[in-house]
Amino acid sequence: YQRRVHGIFFVNKMAYSELKSIPLSKRLWDVCFIIFFLFNLFAVTYIIDLESLVISDPKNFSYPSWPLPFMVDIVHWWGRTFDPVLLARPVWWQATIWLDVILFGPFYVFAIYAFTKGKEWIRIPSFVYSGILFANVSIIMMEEMYGPNRTHNRLAVWAANLPWLLFPVFIVIRMGLNKHPFAIKIKRTKLNQN
């Protein structure tokens with residue numbers, strides 16, 4: 001009864017939050033992520049990694065229709081010069097490549113769209129992607145450092161692979177700090193007569 005009388009005679013002010021989208025031009029980290037996803041989609045997944053699947057033996061092969069011959073030559077040069085596991089292609093390596101082609105490629109398409117348009121549904125897939133990518137690259141780097149196909153140019157291989165260790169961490173931080181990573185909360189005051 002007291003609450004009802006209070007509501008009739010007094011007006012309560014209640015604060016509530018409203019979400020407002022942040023434009024991409026103000027989300028510079030997201031622009032970096034989009035560039036990373038674009039590079040992975042168009043250079044790594046469907047050129048570098050696909051080459052490992054269509055050419056099983058880099059010492060004895062015919063050039064496929066895709067990737068183009070000059071692309072294949074660049075990948076093989078990198079493998080001969082810096083990255084022997086790339087040309088050795090053990091079974092575990094091929095498993096990481098299949099993950100990239102089957103899972104990561106489609107993820108990049110959706111992530112580019114979602115990060116550009118500020119779609120929150122990309123949060124959970126971003127965590128899954130980041131975990132798998134970080135694990136894959138960690139395993140690859142152990143081979144590069146200590147395995148039978150180790151590199152003789154550790155600095156170049158670390159420099160080339162470091163973004164694929166750091167970006168998953170940055171993505172988890174970006175998506176994990178806020179349930180609404182592409183929006184800000186605006187405090188409003190609402191008059192309430194209970």
# chains A, B, ... in the order shown; residues from 1 in each chain; ligands from 1
call {"tool": "residues_around", "arguments": {"residues": "Asp100 (chain A)", "least_positions_apart": "5", "cutoff": "12 Å", "atoms": "only C-alpha atoms", "output": "list in words"}}
result
Asn40, Leu41, Ala43, Val44, Thr45, Tyr46, Ile47, Ile48, Asp49, Leu50, Ser52, Leu53, Trp93, Gln94, Ala95, Gly105, Pro106, Phe107, Tyr108, Tyr129, Ile132, Leu133, Asn136 and Val137 of chain A
call {"tool": "write_last_selection", "arguments": {"atoms": "N, CA and C atoms", "output": "PDB file, in the first residue's frame"}}
result
ATOM      1  N   ASN A  40      44.224 -12.677 -44.547  1.00  0.00           N
ATOM      2  CA  ASN A  40      44.125 -14.124 -44.356  1.00  0.00           C
ATOM      3  C   ASN A  40      43.245 -14.770 -45.408  1.00  0.00           C
ATOM      4  N   LEU A  41      42.123 -14.137 -45.704  1.00  0.00           N
ATOM      5  CA  LEU A  41      41.196 -14.703 -46.677  1.00  0.00           C
ATOM      6  C   LEU A  41      41.818 -14.773 -48.067  1.00  0.00           C
ATOM      7  N   ALA A  43      45.132 -14.023 -49.115  1.00  0.00           N
ATOM      8  CA  ALA A  43      46.530 -14.423 -49.323  1.00  0.00           C
ATOM      9  C   ALA A  43      46.855 -15.743 -48.630  1.00  0.00           C
ATOM     10  N   VAL A  44      46.530 -15.843 -47.359  1.00  0.00           N
ATOM     11  CA  VAL A  44      46.963 -17.017 -46.597  1.00  0.00           C
ATOM     12  C   VAL A  44      46.109 -18.240 -46.908  1.00  0.00           C
ATOM     13  N   THR A  45      44.816 -18.154 -46.661  1.00  0.00           N
ATOM     14  CA  THR A  45      43.958 -19.344 -46.744  1.00  0.00           C
ATOM     15  C   THR A  45      43.847 -19.908 -48.149  1.00  0.00           C
ATOM     16  N   TYR A  46      43.538 -19.051 -49.114  1.00  0.00           N
ATOM     17  CA  TYR A  46      43.229 -19.580 -50.444  1.00  0.00           C
ATOM     18  C   TYR A  46      44.345 -19.393 -51.465  1.00  0.00           C
ATOM     19  N   ILE A  47      45.548 -19.063 -50.975  1.00  0.00           N
ATOM     20  CA  ILE A  47      46.730 -19.112 -51.840  1.00  0.00           C
ATOM     21  C   ILE A  47      47.796 -19.965 -51.156  1.00  0.00           C
ATOM     22  N   ILE A  48      48.343 -19.471 -50.035  1.00  0.00           N
ATOM     23  CA  ILE A  48      49.458 -20.164 -49.372  1.00  0.00           C
ATOM     24  C   ILE A  48      49.017 -21.536 -48.867  1.00  0.00           C
ATOM     25  N   ASP A  49      47.925 -21.568 -48.107  1.00  0.00           N
ATOM     26  CA  ASP A  49      47.485 -22.842 -47.538  1.00  0.00           C
ATOM     27  C   ASP A  49      46.911 -23.779 -48.591  1.00  0.00           C
ATOM     28  N   LEU A  50      46.157 -23.246 -49.508  1.00  0.00           N
ATOM     29  CA  LEU A  50      45.579 -24.085 -50.551  1.00  0.00           C
ATOM     30  C   LEU A  50      46.669 -24.753 -51.388  1.00  0.00           C
ATOM     31  N   SER A  52      49.383 -25.962 -50.335  1.00  0.00           N
ATOM     32  CA  SER A  52      49.812 -27.172 -49.619  1.00  0.00           C
ATOM     33  C   SER A  52      48.866 -28.346 -49.837  1.00  0.00           C
ATOM     34  N   LEU A  53      47.616 -28.044 -50.157  1.00  0.00           N
ATOM     35  CA  LEU A  53      46.644 -29.120 -50.375  1.00  0.00           C
ATOM     36  C   LEU A  53      46.625 -29.608 -51.819  1.00  0.00           C
ATOM     37  N   TRP A  93      50.556 -31.075 -40.006  1.00  0.00           N
ATOM     38  CA  TRP A  93      50.577 -29.781 -40.702  1.00  0.00           C
ATOM     39  C   TRP A  93      49.378 -29.686 -41.648  1.00  0.00           C
ATOM     40  N   GLN A  94      49.156 -30.753 -42.385  1.00  0.00           N
ATOM     41  CA  GLN A  94      48.028 -30.777 -43.310  1.00  0.00           C
ATOM     42  C   GLN A  94      46.701 -30.609 -42.559  1.00  0.00           C
ATOM     43  N   ALA A  95      46.609 -31.162 -41.345  1.00  0.00           N
ATOM     44  CA  ALA A  95      45.391 -31.001 -40.549  1.00  0.00           C
ATOM     45  C   ALA A  95      45.145 -29.524 -40.238  1.00  0.00           C
ATOM     46  N   GLY A 105      38.457 -19.911 -43.569  1.00  0.00           N
ATOM     47  CA  GLY A 105      38.056 -19.170 -44.767  1.00  0.00           C
ATOM     48  C   GLY A 105      36.642 -18.621 -44.649  1.00  0.00           C
ATOM     49  N   PRO A 106      35.639 -19.470 -44.368  1.00  0.00           N
ATOM     50  CA  PRO A 106      34.289 -18.935 -44.170  1.00  0.00           C
ATOM     51  C   PRO A 106      34.196 -17.969 -42.990  1.00  0.00           C
ATOM     52  N   PHE A 107      34.932 -18.260 -41.903  1.00  0.00           N
ATOM     53  CA  PHE A 107      34.911 -17.338 -40.769  1.00  0.00           C
ATOM     54  C   PHE A 107      35.359 -15.948 -41.205  1.00  0.00           C
ATOM     55  N   TYR A 108      36.415 -15.863 -42.018  1.00  0.00           N
ATOM     56  CA  TYR A 108      36.909 -14.547 -42.448  1.00  0.00           C
ATOM     57  C   TYR A 108      35.837 -13.771 -43.202  1.00  0.00           C
ATOM     58  N   TYR A 129      37.441 -19.163 -33.014  1.00  0.00           N
ATOM     59  CA  TYR A 129      38.484 -18.942 -34.019  1.00  0.00           C
ATOM     60  C   TYR A 129      39.824 -18.618 -33.358  1.00  0.00           C
ATOM     61  N   ILE A 132      41.466 -21.712 -31.645  1.00  0.00           N
ATOM     62  CA  ILE A 132      42.017 -22.682 -32.606  1.00  0.00           C
ATOM     63  C   ILE A 132      43.259 -22.110 -33.282  1.00  0.00           C
ATOM     64  N   LEU A 133      43.197 -20.850 -33.707  1.00  0.00           N
ATOM     65  CA  LEU A 133      44.344 -20.247 -34.396  1.00  0.00           C
ATOM     66  C   LEU A 133      45.560 -20.181 -33.476  1.00  0.00           C
ATOM     67  N   ASN A 136      46.972 -23.712 -33.112  1.00  0.00           N
ATOM     68  CA  ASN A 136      47.644 -24.139 -34.343  1.00  0.00           C
ATOM     69  C   ASN A 136      49.010 -23.490 -34.495  1.00  0.00           C
ATOM     70  N   VAL A 137      49.062 -22.186 -34.333  1.00  0.00           N
ATOM     71  CA  VAL A 137      50.325 -21.475 -34.547  1.00  0.00           C
ATOM     72  C   VAL A 137      51.339 -21.834 -33.459  1.00  0.00           C
TER      73      VAL A 137
END
call {"tool": "residues_around", "arguments": {"residues": "Val75 (chain A)", "least_positions_apart": "3", "cutoff": "9 Å", "atoms": "only C-alpha atoms", "output": "PyMOL selection string"}}
result
chain A and resi 47-48+51+70-72+78-80+86-87
call {"tool": "closest_residue", "arguments": {"among": "A:Arg150, A:Lys179, A:His76, A:Lys26", "to": "Trp121 (chain A)", "atoms": "only C-alpha atoms"}}
result
A:Lys179
call {"tool": "closest_residue", "arguments": {"among": "A:Phe61, A:Trp158, A:Phe134, A:Phe115", "to": "Arg174 (chain A)", "atoms": "only C-alpha atoms"}}
result
A:Phe115
call {"tool": "residues_around", "arguments": {"residues": "Phe37 (chain A)", "least_positions_apart": "6", "cutoff": "8 Å", "atoms": "only C-alpha atoms", "output": "list in words"}}
result
Tyr108, Val109, Ala111 and Ile112 of chain A
call {"tool": "closest_residue", "arguments": {"among": "A:Ile22, A:Val91, A:Ile74, A:Ala156", "to": "Gly118 (chain A)", "atoms": "only C-alpha atoms"}}
result
A:Ile22
call {"tool": "select_by_dssp", "arguments": {"residues": "region 4-157 of chain A", "states": "alpha helix (DSSP H)", "output": "VMD selection string"}}
result
chain A and resid 4 to 9 28 to 39 50 to 54 69 to 81 84 to 88 91 to 99 105 to 117 123 to 146 154 to 157
call {"tool": "residues_around", "arguments": {"residues": "Ile124 (chain A)", "least_positions_apart": "5", "cutoff": "10 Å", "atoms": "only C-alpha atoms", "output": "ChimeraX atom specification"}}
result
/A:129-130,172,175-176
call {"tool": "write_last_selection", "arguments": {"atoms": "N, CA and C atoms", "output": "mmCIF file, in the first residue's frame"}}
result
data_model
loop_
_atom_site.group_PDB
_atom_site.id
_atom_site.type_symbol
_atom_site.label_atom_id
_atom_site.label_comp_id
_atom_site.auth_asym_id
_atom_site.auth_seq_id
_atom_site.Cartn_x
_atom_site.Cartn_y
_atom_site.Cartn_z
ATOM 1 N N TYR A 129 37.441 -19.163 -33.014
ATOM 2 C CA TYR A 129 38.484 -18.942 -34.019
ATOM 3 C C TYR A 129 39.824 -18.618 -33.358
ATOM 4 N N SER A 130 39.813 -17.696 -32.409
ATOM 5 C CA SER A 130 41.060 -17.265 -31.769
ATOM 6 C C SER A 130 41.735 -18.405 -31.028
ATOM 7 N N VAL A 172 40.375 -11.765 -28.642
ATOM 8 C CA VAL A 172 39.721 -12.212 -27.406
ATOM 9 C C VAL A 172 39.560 -11.037 -26.442
ATOM 10 N N MET A 175 36.747 -8.729 -27.914
ATOM 11 C CA MET A 175 35.400 -9.288 -27.815
ATOM 12 C C MET A 175 35.014 -9.622 -26.376
ATOM 13 N N GLY A 176 36.013 -9.843 -25.520
ATOM 14 C CA GLY A 176 35.728 -10.272 -24.153
ATOM 15 C C GLY A 176 35.492 -9.156 -23.158
#
call {"tool": "closest_residue", "arguments": {"among": "A:Phe36, A:Ser138, A:His180, A:Tyr63", "to": "Asn161 (chain A)", "atoms": "only C-alpha atoms"}}
result
A:Ser138
call {"tool": "closest_residue", "arguments": {"among": "A:Gly131, A:Leu28, A:Glu144, A:His152", "to": "Trp164 (chain A)", "atoms": "only C-alpha atoms"}}
result
A:Gly131
call {"tool": "closest_residue", "arguments": {"among": "A:Pro168, A:Pro148, A:Tyr113, A:Leu24", "to": "Ala135 (chain A)", "atoms": "only C-alpha atoms"}}
result
A:Pro168
